[in-house]
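To start, the structure under review is shown below, and the notes come after it.
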Amino acid sequence: MAFAEAPSNAMLNTGLNSLWVMIAAVLVILMQGGFILLESGSTRMKNAGHVAGKTIFTFGLGSLIYWAIGYGFAFGGSGNLFIGLGDFFYNPGIVYGENDGLSPAIFFVFQLAFATISLSIAWGGFAERAKLSSYLIFTLIYVGLIYPIVAHWIWGGGWLAEDGAQDFAGSTVVHLSGAMAALAATILLKPRIGKFNKDGSANQILGHNQVFTALSVLLLWVGWFGFNAGSTIAVGDGLFGFVAFNTQLGAGAGAVAAMLISWIVLGKSDITAMLNGALAGLVAITASCAFVNPWAAVVIGLVAGVLVFFSQRFFEKKKIDDPIFALSVHGAAGVWGTLANGLFATPELVETVGVGRPGLFYGGGWGQLWVQFESVVVCGAFVFIVSFIVLSIVKMVTGFRVSEEQEIIGLDLSEHGAYGYPEQMKKGQQDLNA
């Protein structure tokens, strides 16, 4: 019998890395299920089917757009410091070489998962009042151009990467970008019917299923281990385990801090605040999970939990209707998590990752904090401005918001002619006929 030649160490390393990153990519893709439950649970029953369906639709459409052009603008090898070029309609080939370090096809799938998660964050600003056609149009622009440009600046060898911007798994690239697009949408759409009174006071529009919301947080929490630990794109040095460790600490601290601060301020512990605190801790630790020591991960999570609670109240006072709290969870916490590297990044971990300089508290001076601030301001402003322009054009040309009658009926019936909870609709009809 002929025996196959034993694989080289390099091929084994590439194979193990590829297996780990593929598992991580699957975990990140499953986070879409978390977003379905989060958005549907946090909104009203009459919109549940719409929320679930448009998430699957935009994930599918986003995959095609990212394959056709998005990946090329983010990671194309013929670009410059501002935009990638090449690798459009990407064809990674069937096999990879032993010195590749990671399968190119798997790297694409992993990056695609991140792009579509950022898109799902943006949908928080559209919730319960946007036309389905606007989701289609914005998916084309966001996944095809807006997100890839920011990804190129920080992850694709762009100008912020040259400056040493530290955003290990995307507090800015993924989360802040999605939140800024959501901000543009919610400003243009204006608040939902009944959210604010004439005197400016706000009414609670409660989601229809808090159990869904809690389950969504658990699914997202688990998926985050693929999100953060998978971003090591390697298993050899064991860094992915340390990243997962910091991720868990940051999330736990965020949940505890938000629950306690809500208890102190409101007199009763707020479940929604606690759930958002866990997510805020996860968002904040995403940029710094490979750069900071465990004690700093706890501090980052604690601050994020408090920050998200007061951020929600701030946006409500400004009459910004944010049904999914995307601006607070992904925006405010994303900013804090990115800036935190400029404070807590250690020399040893900076050397291990190979990006930027140590933070202020570790003798690195103000330099890295400035770079982190620069990346937050520039990326946030870019995404907001371009998203606002695109959605303003959509609003003028095709219309952005459904009619008042359609909003009152609910998007399940008005946009799809079906109902996410048909038994409840039948009950309502029976009550009307009685």
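In the structure tokens, the first chain shown is A, the next is B, and so on; residue numbers restart at 1 for each chain, and ligands run from 1 in the order shown.
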
Report as a tab-separated table the residues of range 289-369 of chain A within 10 Å of range 241-256 of chain A, each with its shortest atom pair and distance in Å (one decimal), using only C-alpha atoms, ordered by chain and increasing residue number.
```
residue	atom	partner	partner_atom	distance
A:Cys289	CA	A:Val243	CA	5.2
A:Ala290	CA	A:Val243	CA	5.4
A:Phe291	CA	A:Val243	CA	8.8
A:Val292	CA	A:Asn246	CA	8.1
A:Asn293	CA	A:Asn246	CA	7.7
A:Pro294	CA	A:Asn246	CA	5.7
A:Trp295	CA	A:Leu249	CA	8.6
A:Ala296	CA	A:Gly250	CA	8.7
A:Ala297	CA	A:Gly250	CA	5.1
A:Val298	CA	A:Gly250	CA	5.1
A:Val299	CA	A:Ala253	CA	7.6
A:Ile300	CA	A:Gly250	CA	6.4
A:Gly301	CA	A:Gly250	CA	4.2
A:Leu302	CA	A:Ala253	CA	4.9
A:Val303	CA	A:Gly254	CA	7.3
A:Ala304	CA	A:Gly254	CA	5.8
A:Gly305	CA	A:Gly254	CA	4.1
A:Val306	CA	A:Gly254	CA	7.6
A:Leu307	CA	A:Gly254	CA	9.4
A:Val308	CA	A:Gly254	CA	9.0
```

Those same residues, written as a PDB file, in the first residue's frame with C-alpha atoms?
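Final output, saved to part_10.pdb:
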```
ATOM      1  CA  CYS A 289      -9.587  42.123  24.236  1.00  0.00           C
ATOM      2  CA  ALA A 290      -6.082  41.311  22.964  1.00  0.00           C
ATOM      3  CA  PHE A 291      -4.369  44.441  24.292  1.00  0.00           C
ATOM      4  CA  VAL A 292      -5.294  44.663  27.996  1.00  0.00           C
ATOM      5  CA  ASN A 293      -4.850  42.713  31.207  1.00  0.00           C
ATOM      6  CA  PRO A 294      -7.859  40.995  32.843  1.00  0.00           C
ATOM      7  CA  TRP A 295      -8.321  43.656  35.538  1.00  0.00           C
ATOM      8  CA  ALA A 296      -8.597  46.285  32.803  1.00  0.00           C
ATOM      9  CA  ALA A 297     -11.166  44.136  30.957  1.00  0.00           C
ATOM     10  CA  VAL A 298     -13.308  44.260  34.110  1.00  0.00           C
ATOM     11  CA  VAL A 299     -12.939  48.044  34.359  1.00  0.00           C
ATOM     12  CA  ILE A 300     -13.814  48.467  30.680  1.00  0.00           C
ATOM     13  CA  GLY A 301     -16.941  46.341  31.153  1.00  0.00           C
ATOM     14  CA  LEU A 302     -17.995  48.163  34.332  1.00  0.00           C
ATOM     15  CA  VAL A 303     -17.706  51.569  32.682  1.00  0.00           C
ATOM     16  CA  ALA A 304     -19.594  50.317  29.619  1.00  0.00           C
ATOM     17  CA  GLY A 305     -22.462  49.056  31.788  1.00  0.00           C
ATOM     18  CA  VAL A 306     -22.875  52.425  33.499  1.00  0.00           C
ATOM     19  CA  LEU A 307     -22.361  54.329  30.252  1.00  0.00           C
ATOM     20  CA  VAL A 308     -25.060  52.446  28.348  1.00  0.00           C
TER      21      VAL A 308
END
```

Using only C-alpha atoms, which protein or nucleic acid residues come within 9 Å of range 313-328 of chain A? Drop anything in the same chain fewer than 5 positions from it, and give the result as number ranges by chain.
A: 38-39, 42-43, 121-128, 175-176, 178-180, 182-183, 186-187, 190-192, 195-196, 200-202, 205, 207, 276, 280, 307-308, 333-334

Coordinates-based distance that separates CA of Asn47 in chain A from CA of Ile409 in chain A (Å, one decimal)
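Calculated distance between CA of Ile409 in chain A and CA of Asn47 in chain A is 9.1 Å.
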
Using only C-alpha atoms, find the one residue out of A:Ser40, A:Ser171, A:Ser231, A:Asn197 that sits nearest to Ala214 in chain A.
A:Ser40

Alpha helix (DSSP H) residues, from DSSP on the backbone, in range 78-165 of chain A, as a PyMOL selection string:
chain A and resi 104-122+132-141+147-155+159-163

Any idea what the distance is between CA of Phe138 in chain A and CA of Val51 in chain A?
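Interatomic distance, CA of Phe138 in chain A to CA of Val51 in chain A: 15.8 Å.
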